[in-house]
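Source file: protein10.csv (CSV, C-alpha atoms)
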chain,number,residue,atom,x,y,z
A,1,MET,CA,76.7,-53.7,-94.7
A,2,LYS,CA,76.2,-57.4,-95.1
A,3,LEU,CA,79.2,-58.2,-93.0
A,4,VAL,CA,77.9,-56.0,-90.2
A,5,LEU,CA,74.6,-57.8,-90.3
A,6,LYS,CA,76.3,-61.1,-90.2
A,7,LEU,CA,78.4,-60.1,-87.2
A,8,LEU,CA,75.6,-58.5,-85.3
A,9,PRO,CA,74.2,-61.6,-83.5
A,10,LEU,CA,77.8,-62.5,-82.4
A,11,VAL,CA,78.3,-59.0,-81.1
A,12,VAL,CA,75.0,-59.1,-79.2
A,13,PHE,CA,75.8,-62.5,-77.8
A,14,VAL,CA,79.3,-61.5,-76.6
A,15,ALA,CA,77.9,-58.4,-75.0
A,16,LEU,CA,75.1,-60.4,-73.3
A,17,ALA,CA,77.6,-63.0,-72.1
A,18,ALA,CA,79.9,-60.3,-70.7
A,19,PHE,CA,77.1,-58.8,-68.7
A,20,LEU,CA,75.9,-62.2,-67.4
A,21,TYR,CA,79.5,-63.2,-66.5
A,22,ARG,CA,80.0,-60.0,-64.6
A,23,GLY,CA,76.7,-60.6,-62.8
A,24,LEU,CA,77.8,-64.1,-61.7
A,25,SER,CA,80.7,-62.6,-59.7
A,26,LEU,CA,78.4,-60.0,-58.0
A,27,ASP,CA,76.9,-61.0,-54.7
A,28,PRO,CA,73.4,-59.5,-54.3
A,29,SER,CA,73.6,-59.9,-50.5
A,30,GLU,CA,76.4,-57.4,-50.4
A,31,LEU,CA,74.7,-54.1,-50.8
A,32,PRO,CA,76.8,-51.0,-51.3
A,33,SER,CA,76.2,-48.7,-48.4
A,34,PRO,CA,74.8,-45.2,-49.2
A,35,LEU,CA,76.4,-44.0,-46.0
A,36,ILE,CA,80.0,-44.2,-47.3
A,37,ASP,CA,81.6,-40.8,-47.2
A,38,LYS,CA,78.6,-39.5,-45.2
A,39,PRO,CA,78.6,-38.5,-41.6
A,40,ALA,CA,78.0,-41.4,-39.2
A,41,PRO,CA,74.6,-41.0,-37.6
A,42,SER,CA,74.9,-39.7,-34.1
A,43,PHE,CA,73.2,-41.5,-31.3
A,44,VAL,CA,73.1,-42.1,-27.6
A,45,MET,CA,72.7,-45.7,-26.4
A,46,GLY,CA,72.8,-47.6,-23.2
A,47,THR,CA,75.8,-49.8,-22.6
A,48,LEU,CA,76.7,-53.2,-21.2
A,49,PRO,CA,77.2,-54.0,-18.4
A,50,PRO,CA,74.2,-52.0,-17.4
A,51,GLY,CA,74.4,-49.2,-14.8
A,52,GLN,CA,76.9,-47.0,-16.5
A,53,GLN,CA,76.5,-43.7,-18.3
A,54,PRO,CA,74.9,-44.1,-21.7
A,55,PHE,CA,77.3,-43.8,-24.7
A,56,ASP,CA,77.2,-40.7,-26.8
A,57,SER,CA,78.7,-41.2,-30.3
A,58,SER,CA,79.8,-37.6,-30.5
A,59,SER,CA,82.4,-38.5,-27.8
A,60,MET,CA,84.4,-40.3,-30.5
A,61,ALA,CA,85.0,-37.1,-32.5
A,62,GLY,CA,88.7,-36.7,-33.3
A,63,GLN,CA,89.4,-40.4,-33.2
A,64,VAL,CA,89.4,-43.1,-35.9
A,65,TRP,CA,87.1,-45.8,-34.6
A,66,VAL,CA,85.4,-49.0,-35.6
A,67,LEU,CA,81.7,-49.8,-35.0
A,68,ASN,CA,81.3,-53.6,-35.0
A,69,VAL,CA,77.7,-54.9,-35.1
A,70,TRP,CA,77.5,-58.3,-33.4
A,71,ALA,CA,75.1,-60.6,-31.5
A,72,SER,CA,75.4,-63.7,-29.4
A,73,TRP,CA,72.9,-65.5,-31.7
A,74,CYS,CA,75.2,-64.8,-34.7
A,75,ARG,CA,77.3,-67.8,-35.8
A,76,PRO,CA,79.7,-66.0,-38.1
A,77,CYS,CA,80.5,-63.5,-35.3
A,78,ILE,CA,82.3,-66.3,-33.5
A,79,GLN,CA,84.7,-66.8,-36.5
A,80,GLU,CA,85.1,-63.0,-36.9
A,81,HIS,CA,85.8,-62.2,-33.2
A,82,PRO,CA,89.5,-63.2,-33.0
A,83,LEU,CA,90.1,-60.8,-35.9
A,84,ILE,CA,88.3,-58.1,-34.1
A,85,ILE,CA,90.4,-58.7,-31.1
A,86,ARG,CA,93.5,-58.5,-33.3
A,87,LEU,CA,92.3,-55.4,-34.9
A,88,ALA,CA,91.8,-53.6,-31.6
A,89,GLN,CA,95.2,-54.7,-30.2
A,90,GLN,CA,97.4,-54.2,-33.3
A,91,MET,CA,95.9,-51.0,-34.6
A,92,GLN,CA,95.4,-49.4,-31.2
A,93,VAL,CA,92.0,-48.3,-32.5
A,94,PRO,CA,88.8,-48.1,-30.3
A,95,VAL,CA,86.3,-50.7,-31.4
A,96,VAL,CA,82.8,-50.1,-30.3
A,97,GLY,CA,80.6,-53.2,-30.2
A,98,LEU,CA,77.0,-52.7,-31.2
A,99,ASN,CA,75.1,-55.6,-29.6
A,100,TYR,CA,72.3,-55.9,-32.1
A,101,LYS,CA,68.8,-57.1,-31.1
A,102,ASP,CA,70.2,-59.3,-28.4
A,103,ASP,CA,69.5,-60.3,-24.8
A,104,PRO,CA,72.0,-58.5,-22.5
A,105,THR,CA,72.6,-61.6,-20.4
A,106,ASP,CA,73.4,-63.7,-23.4
A,107,ALA,CA,75.6,-61.0,-24.7
A,108,GLN,CA,77.6,-60.7,-21.5
A,109,ARG,CA,78.0,-64.5,-21.4
A,110,TRP,CA,79.2,-64.5,-25.0
A,111,LEU,CA,81.8,-61.8,-24.3
A,112,ASN,CA,83.0,-63.7,-21.2
A,113,GLN,CA,83.5,-66.8,-23.4
A,114,TYR,CA,85.0,-65.3,-26.5
A,115,GLY,CA,86.8,-62.2,-25.2
A,116,ASP,CA,85.9,-58.5,-24.9
A,117,PRO,CA,88.1,-56.2,-27.0
A,118,PHE,CA,85.4,-53.5,-27.1
A,119,ALA,CA,86.0,-50.0,-25.8
A,120,HIS,CA,82.3,-49.8,-25.3
A,121,VAL,CA,79.5,-52.3,-25.7
A,122,LEU,CA,76.2,-50.8,-26.8
A,123,SER,CA,73.0,-52.6,-26.1
A,124,ASP,CA,70.7,-52.0,-29.1
A,125,GLN,CA,67.9,-54.4,-28.2
A,126,ALA,CA,65.4,-52.7,-30.5
A,127,GLY,CA,67.8,-52.3,-33.4
A,128,ASP,CA,67.3,-48.6,-33.7
A,129,VAL,CA,70.9,-47.7,-34.1
A,130,GLY,CA,71.1,-50.5,-36.6
A,131,LEU,CA,68.4,-49.0,-38.6
A,132,ASP,CA,70.2,-45.6,-38.7
A,133,TYR,CA,73.3,-47.3,-40.0
A,134,GLY,CA,71.5,-49.4,-42.6
A,135,VAL,CA,72.3,-52.6,-40.9
A,136,TYR,CA,70.6,-55.6,-42.5
A,137,GLY,CA,72.6,-58.5,-41.3
A,138,VAL,CA,75.1,-59.5,-38.6
A,139,PRO,CA,78.0,-59.1,-38.4
A,140,GLU,CA,78.8,-55.7,-40.1
A,141,SER,CA,81.5,-53.3,-39.4
A,142,PHE,CA,82.0,-49.6,-40.0
A,143,ILE,CA,85.2,-47.6,-40.1
A,144,ILE,CA,84.7,-44.0,-39.1
A,145,ASP,CA,87.4,-41.3,-39.4
A,146,ARG,CA,88.3,-38.4,-37.1
A,147,GLN,CA,85.7,-36.1,-38.6
A,148,GLY,CA,83.0,-38.7,-38.0
A,149,ILE,CA,82.6,-39.7,-41.6
A,150,ILE,CA,82.0,-43.3,-42.5
A,151,ARG,CA,84.8,-44.4,-44.8
A,152,TYR,CA,84.2,-48.1,-45.1
A,153,LYS,CA,81.5,-50.7,-44.4
A,154,GLN,CA,82.2,-54.4,-44.2
A,155,VAL,CA,79.1,-56.5,-44.9
A,156,GLY,CA,79.4,-59.9,-43.2
A,157,PRO,CA,82.3,-61.1,-41.1
A,158,ILE,CA,85.8,-59.6,-41.5
A,159,ASP,CA,88.1,-62.2,-42.8
A,160,GLU,CA,91.9,-62.4,-43.0
A,161,ALA,CA,92.0,-61.0,-46.5
A,162,SER,CA,89.8,-58.0,-45.9
A,163,LEU,CA,91.5,-57.3,-42.6
A,164,THR,CA,95.1,-57.2,-44.0
A,165,ASP,CA,94.3,-55.9,-47.5
A,166,THR,CA,91.7,-53.3,-46.8
A,167,ILE,CA,90.8,-52.5,-43.2
A,168,MET,CA,94.2,-52.2,-41.6
A,169,PRO,CA,95.7,-50.1,-44.4
A,170,LEU,CA,92.7,-47.9,-44.4
A,171,ILE,CA,92.9,-47.3,-40.6
A,172,GLU,CA,96.6,-46.5,-41.0
A,173,ARG,CA,95.8,-43.9,-43.6
A,174,LEU,CA,92.9,-42.4,-41.7
A,175,LYS,CA,95.1,-42.1,-38.5
A,176,GLU,CA,97.8,-40.2,-40.4
A,177,HIS,CA,95.2,-37.5,-41.2
A,178,ASP,CA,95.1,-34.7,-38.7
A,179,SER,CA,91.8,-33.8,-37.2
B,1,MET,CA,37.8,-97.8,-51.9
B,2,ARG,CA,39.4,-101.2,-52.1
B,3,ILE,CA,42.6,-99.5,-53.2
B,4,LEU,CA,43.0,-97.9,-49.8
B,5,ARG,CA,43.5,-101.3,-48.3
B,6,GLN,CA,46.8,-101.5,-50.1
B,7,THR,CA,49.6,-100.0,-48.0
B,8,PRO,CA,51.5,-98.2,-50.8
B,9,ALA,CA,48.4,-96.4,-51.9
B,10,ARG,CA,47.6,-95.4,-48.3
B,11,LEU,CA,51.2,-94.1,-47.9
B,12,PHE,CA,50.8,-92.1,-51.0
B,13,LEU,CA,47.6,-90.6,-49.9
B,14,CYS,CA,49.1,-89.6,-46.5
B,15,LEU,CA,52.0,-88.0,-48.3
B,16,CYS,CA,49.7,-86.0,-50.5
B,17,LEU,CA,47.7,-84.8,-47.5
B,18,ALA,CA,50.9,-83.9,-45.6
B,19,LEU,CA,52.2,-81.9,-48.6
B,20,ILE,CA,48.9,-80.0,-48.9
B,21,SER,CA,48.6,-79.1,-45.3
B,22,GLY,CA,52.3,-78.5,-44.6
B,23,PRO,CA,52.7,-75.3,-46.5
B,24,ALA,CA,49.7,-73.9,-44.7
B,25,THR,CA,52.0,-73.4,-41.7
B,26,LEU,CA,54.2,-71.1,-43.8
B,27,LEU,CA,51.3,-68.7,-44.5
B,28,PRO,CA,52.2,-65.2,-43.4
B,29,LEU,CA,50.5,-64.0,-40.2
B,30,PRO,CA,48.3,-61.4,-41.7
B,31,ALA,CA,46.0,-60.9,-38.9
B,32,ALA,CA,48.2,-60.3,-35.9
B,33,GLU,CA,51.1,-58.3,-37.3
B,34,LEU,CA,49.5,-56.1,-39.9
B,35,MET,CA,46.3,-55.2,-38.0
B,36,THR,CA,47.9,-52.2,-36.5
B,37,GLN,CA,46.1,-49.1,-35.4
B,38,PHE,CA,46.0,-46.0,-37.6
B,39,ASP,CA,44.3,-42.7,-37.1
B,40,THR,CA,42.6,-42.8,-40.5
B,41,ALA,CA,41.8,-45.3,-43.2
B,42,GLU,CA,43.9,-43.3,-45.6
B,43,GLN,CA,47.0,-43.9,-43.4
B,44,GLU,CA,46.3,-47.6,-43.3
B,45,ALA,CA,45.9,-47.7,-47.1
B,46,ARG,CA,49.2,-45.9,-47.5
B,47,TYR,CA,50.9,-48.3,-45.1
B,48,GLN,CA,49.7,-51.4,-47.0
B,49,GLU,CA,50.8,-49.8,-50.3
B,50,LEU,CA,54.2,-48.8,-49.0
B,51,LEU,CA,54.9,-52.3,-47.6
B,52,ARG,CA,54.5,-53.6,-51.1
B,53,GLU,CA,56.9,-51.1,-52.5
B,54,TYR,CA,59.9,-51.7,-50.3
B,55,ARG,CA,62.2,-54.7,-50.4
B,56,CYS,CA,63.2,-56.8,-47.4
B,57,LEU,CA,66.9,-56.4,-47.4
B,58,LYS,CA,67.4,-59.8,-45.7
B,59,CYS,CA,65.0,-61.9,-47.8
B,60,GLN,CA,65.7,-60.0,-50.9
B,61,ASN,CA,63.1,-61.5,-53.1
B,62,GLN,CA,60.3,-60.5,-50.8
B,63,ASN,CA,58.7,-57.1,-50.1
B,64,LEU,CA,58.1,-55.8,-46.6
B,65,ALA,CA,54.5,-57.0,-46.7
B,66,ASP,CA,55.4,-60.7,-47.2
B,67,SER,CA,58.7,-61.1,-45.3
B,68,GLN,CA,58.9,-62.7,-41.9
B,69,ALA,CA,62.5,-61.5,-41.2
B,70,GLY,CA,63.2,-59.5,-38.0
B,71,LEU,CA,64.5,-56.6,-40.0
B,72,ALA,CA,61.3,-56.5,-42.0
B,73,SER,CA,59.3,-56.3,-38.8
B,74,ASP,CA,61.5,-53.5,-37.6
B,75,LEU,CA,61.1,-51.6,-40.8
B,76,ARG,CA,57.3,-52.1,-40.8
B,77,ARG,CA,57.2,-50.6,-37.3
B,78,GLU,CA,59.4,-47.7,-38.4
B,79,ILE,CA,57.2,-47.0,-41.4
B,80,ARG,CA,54.0,-47.1,-39.3
B,81,GLU,CA,55.5,-44.6,-36.8
B,82,GLN,CA,56.5,-42.3,-39.6
B,83,ILE,CA,53.1,-42.4,-41.2
B,84,LEU,CA,51.5,-41.7,-37.8
B,85,SER,CA,53.9,-38.7,-37.2
B,86,GLY,CA,52.8,-37.2,-40.5
B,87,LYS,CA,55.7,-38.0,-42.8
B,88,THR,CA,54.9,-38.2,-46.5
B,89,ASN,CA,55.7,-41.1,-48.8
B,90,GLU,CA,58.6,-39.1,-50.2
B,91,ASP,CA,60.0,-38.6,-46.6
B,92,ILE,CA,59.8,-42.3,-46.0
B,93,ASP,CA,61.4,-43.1,-49.4
B,94,GLN,CA,64.3,-40.8,-48.5
B,95,TYR,CA,64.7,-42.3,-45.1
B,96,LEU,CA,65.1,-45.8,-46.5
B,97,VAL,CA,67.2,-45.0,-49.5
B,98,GLY,CA,69.5,-42.9,-47.3
B,99,ARG,CA,70.2,-46.0,-45.2
B,100,TYR,CA,69.9,-48.9,-47.6
B,101,GLY,CA,70.3,-47.5,-51.1
B,102,GLU,CA,68.2,-47.7,-54.2
B,103,PHE,CA,67.9,-51.5,-53.8
B,104,VAL,CA,65.3,-50.9,-51.1
B,105,PHE,CA,62.8,-50.2,-53.8
B,106,TYR,CA,61.2,-53.5,-54.7
B,107,ARG,CA,60.5,-52.2,-58.2
B,108,PRO,CA,63.5,-50.3,-59.5
B,109,ARG,CA,62.8,-46.7,-60.1
B,110,LEU,CA,63.3,-45.5,-63.7
B,111,SER,CA,66.4,-43.3,-63.8
B,112,ASN,CA,69.5,-43.0,-65.9
B,113,LYS,CA,71.1,-45.8,-64.0
B,114,THR,CA,68.2,-48.2,-64.5
B,115,LEU,CA,67.4,-47.2,-68.1
B,116,LEU,CA,69.4,-50.1,-69.4
B,117,LEU,CA,67.7,-52.5,-67.0
B,118,TRP,CA,64.2,-51.5,-68.1
B,119,THR,CA,64.7,-51.1,-71.8
B,120,GLY,CA,67.4,-53.7,-72.4
B,121,PRO,CA,65.1,-56.7,-72.9
B,122,PHE,CA,62.9,-54.8,-75.4
B,123,VAL,CA,65.9,-53.5,-77.3
B,124,LEU,CA,67.3,-57.0,-77.5
B,125,LEU,CA,63.9,-58.3,-78.7
B,126,ALA,CA,63.8,-55.6,-81.4
B,127,LEU,CA,67.3,-56.5,-82.6
B,128,CYS,CA,66.3,-60.2,-82.8
B,129,LEU,CA,63.2,-59.4,-84.8
B,130,VAL,CA,65.1,-57.2,-87.2
B,131,GLY,CA,67.7,-60.0,-87.6
B,132,VAL,CA,65.0,-62.6,-88.3
B,133,TYR,CA,63.3,-60.3,-90.8
B,134,VAL,CA,66.6,-59.6,-92.7
B,135,MET,CA,67.4,-63.3,-92.8
B,136,ILE,CA,64.0,-64.3,-94.3
B,137,ARG,CA,64.2,-61.5,-96.9
B,138,ARG,CA,67.7,-62.6,-97.9
B,139,ARG,CA,66.7,-66.3,-98.2
B,140,ARG,CA,63.7,-65.5,-100.4
B,141,THR,CA,65.8,-63.3,-102.8
B,142,ARG,CA,68.6,-65.8,-102.8
B,143,SER,CA,66.3,-68.7,-103.7
B,144,ARG,CA,64.8,-66.7,-106.5
B,145,ASP,CA,68.2,-65.7,-107.8
B,146,GLN,CA,69.3,-69.3,-107.6
B,147,ARG,CA,66.4,-70.4,-109.8
B,148,VAL,CA,67.1,-67.7,-112.3
B,149,ALA,CA,70.7,-68.8,-112.5
B,150,ASP,CA,69.7,-72.5,-113.1
B,151,ALA,CA,67.4,-71.5,-115.8
B,152,THR,CA,70.0,-69.4,-117.7
B,153,THR,CA,73.0,-71.8,-117.7
B,154,ALA,CA,73.8,-72.5,-121.3
B,155,SER,CA,73.3,-76.2,-122.2
B,156,GLY,CA,71.5,-78.3,-124.8
B,157,SER,CA,69.7,-77.2,-128.0
B,158,ALA,CA,68.4,-73.8,-129.1
B,159,GLU,CA,64.9,-74.9,-128.1
B,160,GLU,CA,65.9,-75.8,-124.6
B,161,LEU,CA,67.7,-72.4,-124.4
B,162,ALA,CA,64.5,-70.7,-125.6
B,163,GLU,CA,62.6,-72.6,-123.0
B,164,LYS,CA,65.0,-71.6,-120.3
B,165,LEU,CA,65.0,-67.9,-121.4
B,166,GLN,CA,61.2,-67.9,-121.2
B,167,LYS,CA,61.3,-69.5,-117.7
B,168,ALA,CA,63.8,-66.9,-116.6
B,169,ARG,CA,61.6,-64.1,-117.9
B,170,ASP,CA,58.6,-65.5,-116.0
B,171,LEU,CA,60.6,-65.8,-112.8
B,172,LEU,CA,62.0,-62.3,-113.1
B,173,SER,CA,58.5,-60.9,-113.5
B,174,SER,CA,57.0,-62.9,-110.6

Represent the structure from my file as structure tokens, please.
Amino acid sequence: MKLVLKLLPLVVFVALAAFLYRGLSLDPSELPSPLIDKPAPSFVMGTLPPGQQPFDSSSMAGQVWVLNVWASWCRPCIQEHPLIIRLAQQMQVPVVGLNYKDDPTDAQRWLNQYGDPFAHVLSDQAGDVGLDYGVYGVPESFIIDRQGIIRYKQVGPIDEASLTDTIMPLIERLKEHDS
Amino acid sequence: MRILRQTPARLFLCLCLALISGPATLLPLPAAELMTQFDTAEQEARYQELLREYRCLKCQNQNLADSQAGLASDLRREIREQILSGKTNEDIDQYLVGRYGEFVFYRPRLSNKTLLLWTGPFVLLALCLVGVYVMIRRRRTRSRDQRVADATTASGSAEELAEKLQKARDLLSS
């Protein structure tokens, strides 16, 4: 009994230290999305350039696709964009760009400057679609499968590691699934 | 007031004034933003209360009432619209949790997952108090035992031994 009592502070300390150490490696700005493995919210949204038919998200049924939330005022989006272009080309997967709370003219200028890999560019000036998808920062990306279920959310810009280790393999796997 | 003629003092005074007035520009804009129209006073009260209950996901240490972020403003607008369209507090909770997760509650809800979060500090405190109590008890008994041991070590004459025996008895009965 005495030995147990002697060791107790050490045990408590080790347990506490373990929790705190784990906490240091967690990033509070990366919230796990409650939408993973849930149906992607359906929506209809106007597109850029203006004057076309609005985009209906249900038209993507049967395809694996990526929703990339971006804006011309977003600095990290510039770093991420070449990887988005690569993703669209290499994986042959439609990438839908959600232009979030942005000015259409600025957005179009940004695309002209940095490239436009998007199958569709949605103009979400009020951020309504963003709200439905739980967007709280830019950029964010969602991978949606053939059944319209969200399978992965990237908080923040896609980097080399997450692209090659997580996103591309996942898209491969999802594409092998029959609808 | 002679001190104000000296430049360093003047500089210091200016700095103090700047520091006091500077933060005033950071005060939230209560009047313009939050003075929105509601149908009833009850709705307005609910609105104010709910804003304090939800976290701004962008400025995570602020609630929706205090945060200046664009997302906070969007969420305030959404909450107001939902209140006006007759949604209950539970509806609005579900709406936000469904999109942002439990973290959207500024004060963590008590559930199986958060039990450790809520009770942990108190459990830890209790353990420490128990530990301290045990340590004090042990030290007191040990010092008493020590003194008894000193008193009973055999040395010197019979009288000294008798004296020690008596001291030992006294200690043991204290």

So that each row is one residue of chain A with an atom at most 12 Å from chain B, can you give its shortest atom pair and the distance in Å to one decimal, using all atoms listed in the file, rows by chain and rising number, as CSV?
residue,atom,partner,partner_atom,distance
A:Met1,CA,B:Val134,CA,11.9
A:Lys2,CA,B:Val134,CA,10.1
A:Val4,CA,B:Gly131,CA,11.3
A:Leu5,CA,B:Gly131,CA,7.7
A:Lys6,CA,B:Gly131,CA,9.1
A:Leu7,CA,B:Gly131,CA,10.7
A:Leu8,CA,B:Gly131,CA,8.4
A:Pro9,CA,B:Gly131,CA,7.8
A:Leu10,CA,B:Gly131,CA,11.6
A:Val11,CA,B:Leu127,CA,11.4
A:Val12,CA,B:Leu124,CA,8.2
A:Phe13,CA,B:Leu124,CA,10.1
A:Ala15,CA,B:Leu124,CA,11.0
A:Leu16,CA,B:Leu124,CA,9.5
A:Phe19,CA,B:Leu117,CA,11.4
A:Asp27,CA,B:Gln60,CA,11.9
A:Pro28,CA,B:Gln60,CA,8.4
A:Ser29,CA,B:Lys58,CA,7.8
A:Glu30,CA,B:Leu57,CA,10.0
A:Leu31,CA,B:Tyr100,CA,7.8
A:Pro32,CA,B:Gly101,CA,7.4
A:Ser33,CA,B:Tyr100,CA,6.4
A:Pro34,CA,B:Gly101,CA,5.4
A:Leu35,CA,B:Arg99,CA,6.6
A:Ile36,CA,B:Arg99,CA,10.2
A:Lys38,CA,B:Gly98,CA,9.9
A:Pro39,CA,B:Gly98,CA,11.6
A:Ala40,CA,B:Arg99,CA,10.9
A:Pro41,CA,B:Arg99,CA,10.1
A:Tyr100,CA,B:Leu71,CA,11.1
A:Lys101,CA,B:Gly70,CA,9.2
A:Asp102,CA,B:Gly70,CA,11.9
A:Gln125,CA,B:Asp74,CA,11.4
A:Ala126,CA,B:Asp74,CA,8.1
A:Gly127,CA,B:Asp74,CA,7.7
A:Asp128,CA,B:Asp74,CA,8.5
A:Val129,CA,B:Arg99,CA,11.3
A:Gly130,CA,B:Leu71,CA,9.6
A:Leu131,CA,B:Arg99,CA,7.5
A:Asp132,CA,B:Arg99,CA,6.5
A:Tyr133,CA,B:Arg99,CA,6.2
A:Gly134,CA,B:Arg99,CA,4.5
A:Val135,CA,B:Tyr100,CA,8.0
A:Tyr136,CA,B:Lys58,CA,6.2
A:Gly137,CA,B:Lys58,CA,6.9
A:Val138,CA,B:Lys58,CA,10.5

Check your understanding: Residues at most 7 Å from A:Val155, counting all atoms listed in the file, excluding those fewer than 2 positions away in the same chain, as a list in words?
Key ->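 My list of contacting residues is Glu30, Glu140, Ser141, Lys153 and Pro157 of chain A.
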
Exercise for review: Between atom CA of A:Ile144 and atom CA of A:Asp103, measure the distance and give it in Å to one decimal.
Suggested key: 26.5 Å

Exercise for review: Write out as a list of chain:residue names the residues lying within 12 Å of B:Asp170, counting all atoms listed in the file and excluding same-chain residues fewer than 5 positions away.
Suggested key: B:Arg144, B:Arg147, B:Val148, B:Ala151, B:Glu163, B:Lys164, B:Leu165

Practice item. Compile the contact shell of A:His81 as a PyMOL selection string: residues with an atom at most 10 Å away, counting only C-alpha atoms, same-chain residues fewer than 3 positions apart removed. Key: chain A and resi 68+70+76-78+84-87+111+114-117+139+157-159

Review point. Which one of A:Asp124, A:Asp106, A:Glu160, A:Asp56 sits closest to A:Glu80 if you count all atoms listed in the file?
Key: A:Glu160

Review point. Quick one: distance from atom CA of A:Val95 to atom CA of B:Ala69 in Å, one decimal?
Key: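 These two atoms are separated by 27.9 Å.
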
Review point. If you measure from atom CA of A:Gln53 to atom CA of A:Arg109, what distance in Å do you get, rounded to one decimal?
Key: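 Interatomic distance here is 21.1 Å.
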
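Of the residues under consideration (B:Gln43, B:Ser173, B:Thr141, B:Thr7), B:Gln43 shows the shortest atom-to-atom contact distance to B:Ile83 when counting all atoms listed in the file.
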
Review point. Of the residues A:Gln92, A:Thr47, A:Ser57, A:Asn99, which is the one nearest to A:Ser72, using all atoms listed in the file?
Key: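 When distances to A:Ser72 are compared using all atoms listed in the file, the smallest one comes from A:Asn99.
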
Review point. Could you name the residues that touch A:Lys175 at 10 Å or less, counting all atoms listed in the file, but leaving out those on the same chain fewer than 2 positions away, as a PyMOL selection string?
Key: chain A and resi 62-65+91+93+145-146+169-173+177-179

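Each of B:Ile79, B:Leu64, B:Val123, B:Leu171 was checked against B:Phe105 using only C-alpha atoms; the smallest atom-to-atom distance is that of B:Leu64.
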